>>> print(open('upload.pdb').read())   # PDB, C-alpha atoms
ATOM      1  CA  MET B   1      -8.688   7.168 -48.673
ATOM      2  CA  HIS B   2      -9.536   9.360 -51.647
ATOM      3  CA  PRO B   3     -13.153  10.498 -51.975
ATOM      4  CA  ILE B   4     -14.966   8.969 -54.967
ATOM      5  CA  THR B   5     -16.752  11.835 -56.701
ATOM      6  CA  LEU B   6     -19.162  11.897 -59.631
ATOM      7  CA  VAL B   7     -19.844  15.134 -61.516
ATOM      8  CA  THR B   8     -22.630  14.918 -64.113
ATOM      9  CA  GLY B   9     -22.575  16.987 -67.295
ATOM     10  CA  ALA B  10     -18.863  17.507 -66.773
ATOM     11  CA  ASN B  11     -17.372  17.507 -70.267
ATOM     12  CA  LYS B  12     -17.429  21.324 -70.400
ATOM     13  CA  GLY B  13     -18.146  24.512 -68.501
ATOM     14  CA  ILE B  14     -18.739  24.590 -64.761
ATOM     15  CA  GLY B  15     -18.953  20.813 -64.535
ATOM     16  CA  ARG B  16     -15.556  20.334 -66.112
ATOM     17  CA  GLU B  17     -13.986  22.976 -63.884
ATOM     18  CA  THR B  18     -15.566  21.387 -60.819
ATOM     19  CA  ALA B  19     -14.120  18.021 -61.856
ATOM     20  CA  ARG B  20     -10.694  19.590 -62.398
ATOM     21  CA  ARG B  21     -10.658  21.329 -59.027
ATOM     22  CA  LEU B  22     -11.859  18.348 -57.031
ATOM     23  CA  ALA B  23      -9.331  16.088 -58.748
ATOM     24  CA  ALA B  24      -6.622  18.581 -57.805
ATOM     25  CA  THR B  25      -7.613  18.244 -54.140
ATOM     26  CA  GLY B  26      -7.216  14.463 -54.238
ATOM     27  CA  HIS B  27     -10.680  13.254 -55.204
ATOM     28  CA  THR B  28     -11.004  10.281 -57.530
ATOM     29  CA  VAL B  29     -13.263  12.003 -60.034
ATOM     30  CA  LEU B  30     -15.713  10.284 -62.347
ATOM     31  CA  LEU B  31     -16.511  12.666 -65.181
ATOM     32  CA  GLY B  32     -20.093  11.985 -66.210
ATOM     33  CA  ALA B  33     -21.234  12.904 -69.714
ATOM     34  CA  ARG B  34     -23.735  11.593 -72.247
ATOM     35  CA  ASP B  35     -21.575  12.352 -75.303
ATOM     36  CA  LEU B  36     -18.997   9.573 -75.521
ATOM     37  CA  ASP B  37     -16.392  11.422 -77.568
ATOM     38  CA  ARG B  38     -16.579  14.704 -75.667
ATOM     39  CA  GLY B  39     -16.695  12.957 -72.329
ATOM     40  CA  ARG B  40     -13.693  10.758 -73.061
ATOM     41  CA  SER B  41     -11.729  13.705 -74.409
ATOM     42  CA  ALA B  42     -12.440  15.883 -71.376
ATOM     43  CA  ALA B  43     -11.620  13.069 -68.966
ATOM     44  CA  ALA B  44      -8.332  12.384 -70.754
ATOM     45  CA  ASP B  45      -7.405  16.066 -70.663
ATOM     46  CA  LEU B  46      -8.076  16.243 -66.926
ATOM     47  CA  GLY B  47      -6.567  12.872 -66.064
ATOM     48  CA  VAL B  48      -9.802  11.587 -64.514
ATOM     49  CA  ASP B  49     -12.109   8.642 -65.223
ATOM     50  CA  PHE B  50     -14.933   8.902 -67.747
ATOM     51  CA  LEU B  51     -18.378   7.575 -66.828
ATOM     52  CA  HIS B  52     -20.945   7.385 -69.597
ATOM     53  CA  LEU B  53     -24.115   8.857 -68.125
ATOM     54  CA  ASP B  54     -27.236  10.303 -69.733
ATOM     55  CA  VAL B  55     -29.357  11.673 -66.887
ATOM     56  CA  THR B  56     -32.511  11.467 -69.040
ATOM     57  CA  ASP B  57     -32.110   7.713 -69.613
ATOM     58  CA  GLN B  58     -32.862   5.433 -66.655
ATOM     59  CA  GLY B  59     -30.999   2.553 -68.283
ATOM     60  CA  SER B  60     -27.888   4.704 -68.647
ATOM     61  CA  VAL B  61     -28.149   5.882 -65.039
ATOM     62  CA  ASP B  62     -28.564   2.343 -63.729
ATOM     63  CA  ALA B  63     -25.615   1.099 -65.784
ATOM     64  CA  ALA B  64     -23.432   3.921 -64.458
ATOM     65  CA  ALA B  65     -24.389   3.090 -60.867
ATOM     66  CA  ALA B  66     -23.638  -0.581 -61.471
ATOM     67  CA  ARG B  67     -20.196   0.280 -62.826
ATOM     68  CA  VAL B  68     -19.367   2.495 -59.841
ATOM     69  CA  ARG B  69     -20.529  -0.242 -57.475
ATOM     70  CA  SER B  70     -18.333  -2.790 -59.271
ATOM     71  CA  GLU B  71     -15.228  -0.595 -59.457
ATOM     72  CA  HIS B  72     -15.428   1.393 -56.212
ATOM     73  CA  GLY B  73     -18.143  -0.014 -53.970
ATOM     74  CA  ARG B  74     -19.210   3.415 -52.811
ATOM     75  CA  LEU B  75     -19.739   7.035 -53.825
ATOM     76  CA  ASP B  76     -18.700   9.875 -51.530
ATOM     77  CA  VAL B  77     -19.745  12.968 -53.480
ATOM     78  CA  LEU B  78     -22.423  13.409 -56.136
ATOM     79  CA  VAL B  79     -22.514  16.720 -58.019
ATOM     80  CA  ASN B  80     -25.683  17.008 -60.104
ATOM     81  CA  ASN B  81     -24.524  19.554 -62.661
ATOM     82  CA  ALA B  82     -26.060  18.378 -65.950
ATOM     83  CA  ALA B  83     -28.535  20.935 -67.315
ATOM     84  CA  VAL B  84     -30.018  22.254 -70.550
ATOM     85  CA  ASN B  85     -31.420  25.627 -71.543
ATOM     86  CA  THR B  86     -33.400  24.760 -74.667
ATOM     87  CA  GLY B  87     -36.813  26.209 -73.840
ATOM     88  CA  VAL B  88     -36.081  29.772 -74.888
ATOM     89  CA  ALA B  89     -39.476  30.816 -76.295
ATOM     90  CA  PRO B  90     -41.624  33.367 -74.431
ATOM     91  CA  LEU B  91     -43.795  31.576 -71.903
ATOM     92  CA  GLU B  92     -47.016  32.100 -73.833
ATOM     93  CA  ARG B  93     -45.467  30.405 -76.867
ATOM     94  CA  THR B  94     -43.711  27.584 -74.984
ATOM     95  CA  THR B  95     -45.173  24.160 -75.690
ATOM     96  CA  ALA B  96     -45.585  21.453 -73.091
ATOM     97  CA  GLU B  97     -43.153  19.320 -75.094
ATOM     98  CA  GLN B  98     -40.478  22.038 -74.889
ATOM     99  CA  ALA B  99     -41.025  22.335 -71.152
ATOM    100  CA  VAL B 100     -40.788  18.567 -70.668
ATOM    101  CA  ALA B 101     -37.441  18.514 -72.483
ATOM    102  CA  VAL B 102     -35.980  21.040 -70.026
ATOM    103  CA  LEU B 103     -37.518  19.484 -66.928
ATOM    104  CA  ASP B 104     -36.421  15.993 -67.959
ATOM    105  CA  THR B 105     -32.771  16.977 -67.572
ATOM    106  CA  ASN B 106     -32.820  19.790 -65.025
ATOM    107  CA  LEU B 107     -35.282  18.261 -62.566
ATOM    108  CA  LEU B 108     -36.018  14.605 -63.309
ATOM    109  CA  GLY B 109     -32.335  13.925 -63.961
ATOM    110  CA  VAL B 110     -31.736  14.980 -60.366
ATOM    111  CA  LEU B 111     -34.290  12.429 -59.296
ATOM    112  CA  ARG B 112     -32.971   9.543 -61.386
ATOM    113  CA  VAL B 113     -29.305   9.925 -60.515
ATOM    114  CA  PRO B 114     -29.476  10.348 -56.726
ATOM    115  CA  ASN B 115     -32.028   7.556 -56.406
ATOM    116  CA  ALA B 116     -29.736   5.195 -58.308
ATOM    117  CA  PHE B 117     -26.670   6.202 -56.300
ATOM    118  CA  VAL B 118     -28.131   6.527 -52.781
ATOM    119  CA  PRO B 119     -27.144   2.937 -51.873
ATOM    120  CA  LEU B 120     -23.560   3.754 -52.848
ATOM    121  CA  LEU B 121     -23.649   7.057 -50.972
ATOM    122  CA  ARG B 122     -24.817   5.164 -47.899
ATOM    123  CA  ASN B 123     -21.604   3.119 -48.149
ATOM    124  CA  SER B 124     -19.610   6.331 -47.689
ATOM    125  CA  GLU B 125     -18.444   7.681 -44.351
ATOM    126  CA  HIS B 126     -18.789  11.273 -45.603
ATOM    127  CA  PRO B 127     -21.570  11.415 -48.230
ATOM    128  CA  ARG B 128     -22.405  14.674 -49.987
ATOM    129  CA  ILE B 129     -24.876  15.657 -52.708
ATOM    130  CA  VAL B 130     -24.562  19.027 -54.433
ATOM    131  CA  ASN B 131     -27.303  20.136 -56.819
ATOM    132  CA  VAL B 132     -26.355  22.954 -59.174
ATOM    133  CA  SER B 133     -29.335  25.275 -59.048
ATOM    134  CA  SER B 134     -29.629  29.007 -59.747
ATOM    135  CA  THR B 135     -30.793  32.293 -58.272
ATOM    136  CA  VAL B 136     -33.071  32.633 -61.287
ATOM    137  CA  GLY B 137     -35.253  30.033 -59.590
ATOM    138  CA  SER B 138     -35.505  32.058 -56.379
ATOM    139  CA  PHE B 139     -38.920  33.571 -55.634
ATOM    140  CA  ALA B 140     -37.300  36.367 -53.645
ATOM    141  CA  ALA B 141     -34.885  37.315 -56.413
ATOM    142  CA  THR B 142     -37.504  37.078 -59.154
ATOM    143  CA  LEU B 143     -39.792  39.468 -57.298
ATOM    144  CA  GLU B 144     -37.095  42.126 -57.535
ATOM    145  CA  HIS B 145     -38.133  43.442 -60.943
ATOM    146  CA  ASP B 146     -34.929  45.360 -61.512
ATOM    147  CA  MET B 147     -32.904  42.133 -61.418
ATOM    148  CA  PHE B 148     -31.550  41.537 -64.921
ATOM    149  CA  ASP B 149     -32.610  37.900 -64.909
ATOM    150  CA  TRP B 150     -36.226  39.032 -64.860
ATOM    151  CA  GLU B 151     -35.849  40.004 -68.505
ATOM    152  CA  VAL B 152     -33.366  37.611 -70.040
ATOM    153  CA  VAL B 153     -33.663  34.159 -68.462
ATOM    154  CA  PRO B 154     -35.924  31.688 -70.307
ATOM    155  CA  PRO B 155     -38.931  31.076 -68.040
ATOM    156  CA  ILE B 156     -38.956  27.272 -68.137
ATOM    157  CA  TYR B 157     -35.271  27.167 -67.216
ATOM    158  CA  ALA B 158     -36.066  29.344 -64.194
ATOM    159  CA  VAL B 159     -39.007  27.131 -63.248
ATOM    160  CA  SER B 160     -36.817  24.036 -63.465
ATOM    161  CA  LYS B 161     -34.355  25.574 -61.021
ATOM    162  CA  THR B 162     -37.134  26.579 -58.609
ATOM    163  CA  ALA B 163     -38.273  22.968 -58.557
ATOM    164  CA  LEU B 164     -34.692  21.703 -58.236
ATOM    165  CA  THR B 165     -34.068  23.819 -55.154
ATOM    166  CA  MET B 166     -37.205  22.427 -53.505
ATOM    167  CA  LEU B 167     -36.129  18.912 -54.496
ATOM    168  CA  THR B 168     -32.829  19.601 -52.739
ATOM    169  CA  LEU B 169     -34.655  20.570 -49.569
ATOM    170  CA  LYS B 170     -36.826  17.454 -49.732
ATOM    171  CA  TYR B 171     -33.807  15.195 -50.242
ATOM    172  CA  SER B 172     -32.022  16.819 -47.293
ATOM    173  CA  ARG B 173     -34.912  15.690 -45.086
ATOM    174  CA  ALA B 174     -35.348  12.294 -46.733
ATOM    175  CA  LEU B 175     -31.664  11.321 -46.533
ATOM    176  CA  PRO B 176     -30.424  11.778 -42.962
ATOM    177  CA  GLY B 177     -26.689  11.350 -42.739
ATOM    178  CA  ILE B 178     -26.125  12.715 -46.257
ATOM    179  CA  LEU B 179     -25.428  16.432 -46.619
ATOM    180  CA  VAL B 180     -27.617  17.655 -49.492
ATOM    181  CA  ASN B 181     -27.268  21.265 -50.631
ATOM    182  CA  ALA B 182     -27.943  23.479 -53.640
ATOM    183  CA  ALA B 183     -25.341  25.770 -55.194
ATOM    184  CA  ASP B 184     -25.882  28.825 -57.372
ATOM    185  CA  PRO B 185     -22.821  29.298 -59.600
ATOM    186  CA  GLY B 186     -23.829  32.851 -60.538
ATOM    187  CA  TYR B 187     -23.820  34.373 -64.005
ATOM    188  CA  THR B 188     -20.924  32.373 -65.412
ATOM    189  CA  ASP B 189     -19.471  32.357 -68.912
ATOM    190  CA  THR B 190     -20.745  29.045 -70.336
ATOM    191  CA  ASP B 191     -22.547  27.640 -73.361
ATOM    192  CA  LEU B 192     -25.839  27.900 -71.479
ATOM    193  CA  ASN B 193     -25.759  31.690 -71.878
ATOM    194  CA  ASP B 194     -23.761  31.788 -75.125
ATOM    195  CA  GLY B 195     -20.705  33.063 -73.276
ATOM    196  CA  GLN B 196     -22.450  36.142 -71.904
ATOM    197  CA  GLY B 197     -21.737  35.376 -68.252
ATOM    198  CA  THR B 198     -19.590  37.776 -66.267
ATOM    199  CA  GLN B 199     -17.827  35.196 -64.074
ATOM    200  CA  THR B 200     -15.144  32.670 -64.943
ATOM    201  CA  VAL B 201     -15.894  28.970 -64.609
ATOM    202  CA  THR B 202     -13.532  28.900 -61.632
ATOM    203  CA  GLU B 203     -15.607  31.548 -59.870
ATOM    204  CA  GLY B 204     -18.745  29.709 -60.930
ATOM    205  CA  SER B 205     -17.537  26.480 -59.366
ATOM    206  CA  ASP B 206     -16.584  28.031 -56.006
ATOM    207  CA  ALA B 207     -19.878  27.276 -54.236
ATOM    208  CA  ILE B 208     -20.040  23.766 -55.697
ATOM    209  CA  VAL B 209     -16.536  22.866 -54.550
ATOM    210  CA  ARG B 210     -17.216  24.286 -51.080
ATOM    211  CA  LEU B 211     -20.380  22.210 -50.667
ATOM    212  CA  ALA B 212     -18.703  19.105 -52.087
ATOM    213  CA  THR B 213     -15.996  19.321 -49.434
ATOM    214  CA  LEU B 214     -18.063  20.241 -46.376
ATOM    215  CA  PRO B 215     -16.920  18.935 -42.994
ATOM    216  CA  ASP B 216     -19.086  16.314 -41.321
ATOM    217  CA  ASP B 217     -20.784  18.961 -39.171
ATOM    218  CA  GLY B 218     -21.586  21.066 -42.241
ATOM    219  CA  PRO B 219     -25.091  22.195 -43.140
ATOM    220  CA  THR B 220     -27.721  20.364 -45.118
ATOM    221  CA  GLY B 221     -30.768  21.697 -46.945
ATOM    222  CA  THR B 222     -29.143  25.028 -47.829
ATOM    223  CA  PHE B 223     -29.062  27.176 -50.973
ATOM    224  CA  GLY B 224     -26.130  29.503 -51.536
ATOM    225  CA  ASN B 225     -23.517  30.981 -53.847
ATOM    226  CA  ARG B 226     -19.820  31.780 -53.478
ATOM    227  CA  GLU B 227     -20.673  34.657 -51.129
ATOM    228  CA  GLY B 228     -23.038  32.812 -48.783
ATOM    229  CA  ALA B 229     -26.667  31.883 -48.247
ATOM    230  CA  LEU B 230     -29.355  32.954 -50.714
ATOM    231  CA  ALA B 231     -33.041  33.683 -50.287
ATOM    232  CA  TRP B 232     -35.364  30.962 -51.515
TER     233      TRP B 232
END
>>> encode(input="upload.pdb", output="structure tokens")
Amino acid sequence: MHPITLVTGANKGIGRETARRLAATGHTVLLGARDLDRGRSAAADLGVDFLHLDVTDQGSVDAAAARVRSEHGRLDVLVNNAAVNTGVAPLERTTAEQAVAVLDTNLLGVLRVPNAFVPLLRNSEHPRIVNVSSTVGSFAATLEHDMFDWEVVPPIYAVSKTALTMLTLKYSRALPGILVNAADPGYTDTDLNDGQGTQTVTEGSDAIVRLATLPDDGPTGTFGNREGALAW
């Protein structure tokens, strides 16, 4: 029985590569995207199913969950990849409205989507949730002042990933029987950093794919990258 897998924000970048790789391993992949044209095009290119999903819109999330319930009856793997990096002003000039726009996708989206899909994940024999976080949200890494991210990463983006990693830990305790982990892709060449990343999207998806395909005795409540565990 093929795993049913949803990847949010998957019409480009790391999400698209994650969808491609999981489909290649035999997963029935649902490519989630809010842009209809881009989502349909990416899904067609990859030979996977398109699922219209805007993680900032509860109605859209609920409709997506209803469709998956109708067509599949369960969800085995949820990859929360959708993210934005729009709050680029220095912290002292960042407005609350700009911060809300980032947090609405990067944090609250990873509250809306799992909560809507938990009943379907509970219908799975091997449920997994992977939240795509980042080392830039790590307290330990941020305190190392020579780390390049200290200078170049927009502060609200970093804050959103700090909160997301804690949300991952809380979900891992709240959802026994579901393996819930956070992945750091690393500094990957994507639109989020205007193509400045030093890794390929394949390298960036390594940790996500590993966590999405964990064995039943795999860990939960962890945070790591393609090389292993990371400091919180």
>>> residues_around(input="upload.pdb", residues="range 97-110 of chain B", least_positions_apart="3", cutoff="6 Å", atoms="only C-alpha atoms", output="ChimeraX atom specification")
/B:55-56,83,87,113,160,164
>>> atom_distance(input="upload.pdb", atom1="CA of Lys161 in chain B", atom2="CA of Gly186 in chain B")
12.8 Å
>>> resolve_selection(input="upload.pdb", expression="the PyMOL selection byres ((chain B and resi 16-24) around 9)", output="VMD selection string")
chain B and resid 5 to 7 9 to 15 25 to 31 42 to 43 46 to 48 79 201 to 202 204 to 206 208 to 209 212 to 213
>>> residues_near_point(input="upload.pdb", point="(-22.2, 9.0, -55.2)", cutoff="7 Å", atoms="only C-alpha atoms", output="ChimeraX atom specification")
/B:5-6,74-78,117-118,120-121
>>> write_last_selection(input="upload.pdb", atoms="C-alpha atoms", output="CSV table (one decimal), in the frame of the given file")
chain,number,residue,atom,x,y,z
B,5,THR,CA,-16.8,11.8,-56.7
B,6,LEU,CA,-19.2,11.9,-59.6
B,74,ARG,CA,-19.2,3.4,-52.8
B,75,LEU,CA,-19.7,7.0,-53.8
B,76,ASP,CA,-18.7,9.9,-51.5
B,77,VAL,CA,-19.7,13.0,-53.5
B,78,LEU,CA,-22.4,13.4,-56.1
B,117,PHE,CA,-26.7,6.2,-56.3
B,118,VAL,CA,-28.1,6.5,-52.8
B,120,LEU,CA,-23.6,3.8,-52.8
B,121,LEU,CA,-23.6,7.1,-51.0
>>> resolve_selection(input="upload.pdb", expression="the PyMOL selection byres ((chain B and resi 165-172) around 7)", output="number ranges by chain")
B: 131, 133, 161-164, 173-176, 179-182, 220-221
>>> write_last_selection(input="upload.pdb", atoms="C-alpha atoms", output="mmCIF file, in the frame of the given file")
data_model
loop_
_atom_site.group_PDB
_atom_site.id
_atom_site.type_symbol
_atom_site.label_atom_id
_atom_site.label_comp_id
_atom_site.auth_asym_id
_atom_site.auth_seq_id
_atom_site.Cartn_x
_atom_site.Cartn_y
_atom_site.Cartn_z
ATOM 1 C CA ASN B 131 -27.303 20.136 -56.819
ATOM 2 C CA SER B 133 -29.335 25.275 -59.048
ATOM 3 C CA LYS B 161 -34.355 25.574 -61.021
ATOM 4 C CA THR B 162 -37.134 26.579 -58.609
ATOM 5 C CA ALA B 163 -38.273 22.968 -58.557
ATOM 6 C CA LEU B 164 -34.692 21.703 -58.236
ATOM 7 C CA ARG B 173 -34.912 15.690 -45.086
ATOM 8 C CA ALA B 174 -35.348 12.294 -46.733
ATOM 9 C CA LEU B 175 -31.664 11.321 -46.533
ATOM 10 C CA PRO B 176 -30.424 11.778 -42.962
ATOM 11 C CA LEU B 179 -25.428 16.432 -46.619
ATOM 12 C CA VAL B 180 -27.617 17.655 -49.492
ATOM 13 C CA ASN B 181 -27.268 21.265 -50.631
ATOM 14 C CA ALA B 182 -27.943 23.479 -53.640
ATOM 15 C CA THR B 220 -27.721 20.364 -45.118
ATOM 16 C CA GLY B 221 -30.768 21.697 -46.945
#
>>> resolve_selection(input="upload.pdb", expression="the PyMOL selection byres ((chain B and resi 66) around 12)", output="PyMOL selection string")
chain B and resi 51-53+59-65+67-75+113+116-117+119-120
